[in-house]
Amino acid sequence: MRLRYFCEHCGKEVPRNSQRCPHCGKFFSSVQCPRCGHQGEGRTFEAGCPSCGYLRFPQPTVSRFGGQRGTRGGGSGSPALYRILGIVLTLALLGILALLFLRGTGR
Ligand SMILES: [Zn+2]
Ligand SMILES: [Zn+2]
């Protein structure tokens with residue numbers, strides 16, 4: 001009596017030495033660690049290899065911010081306005097300083 005392996009995802013029979021279901025493409029339930037050779041059920045590998053901690057499934061790089069932030073345009077805070085504000089502030093400061101200076105030496 002030979003062992004038969006079935007895909008836990010689609011229920012179809014899969015070859016014994018296959019690591020991936022040829023029917024649905026899901027990984028076979030029995031997983032072998034590529035690092036230490038530990039073999040076990042696929043769900044025991046969800047948090048990494050139970051023997052050596054090797055992570056079989058690399059974490060998918062999910063962009064949490066969705067890339068909605070457009071780099072072009074830059075609508076908020078135009079640099080021209082800030083430049084004008086800076087010039088106005090500088091002129092005002094200069095005026096105040098000049099007034100103070102004139103008042104100080106006027107006596
Ligand atoms: Zn399958
Ligand atoms: Zn391992």
# chains A, B, ... in the order shown; residues from 1 in each chain; ligands from 1
>>> residues_near_ligand(ligand="ligand 1", cutoff="9 Å", atoms="only C-alpha atoms and all ligand atoms", output="list in words")
Phe6, Cys7, Glu8, His9, Cys10, Gly11, Lys12, Glu13, Val14, Arg20, Cys21, Pro22, His23, Cys24, Gly25, Lys26, Phe27 and Phe28 of chain A
>>> residues_near_ligand(ligand="ligand 2", cutoff="6 Å", atoms="only C-alpha atoms and all ligand atoms", output="list in words")
Cys33, Arg35, Cys36, Gly37, His38, Cys49, Ser51, Cys52, Gly53 and Tyr54 of chain A
>>> atom_distance(atom1="atom CA of A:Pro34", atom2="atom CA of A:Arg4")
23.1 Å
>>> residues_around(residues="A:Pro50", least_positions_apart="5", cutoff="9 Å", atoms="only C-alpha atoms", output="list of chain:residue names")
A:His38, A:Gly40, A:Thr44, A:Phe45
>>> write_last_selection(atoms="N, CA and C atoms", output="CSV table (one decimal), in the first residue's frame")
chain,number,residue,atom,x,y,z
A,38,HIS,N,14.4,20.3,7.5
A,38,HIS,CA,13.3,19.8,8.3
A,38,HIS,C,12.0,19.7,7.5
A,40,GLY,N,7.8,19.1,7.3
A,40,GLY,CA,6.6,19.1,8.1
A,40,GLY,C,5.4,19.7,7.4
A,44,THR,N,2.8,24.6,9.7
A,44,THR,CA,3.8,24.8,10.8
A,44,THR,C,4.9,25.7,10.3
A,45,PHE,N,5.0,26.0,9.0
A,45,PHE,CA,6.0,26.8,8.5
A,45,PHE,C,5.6,28.3,8.3
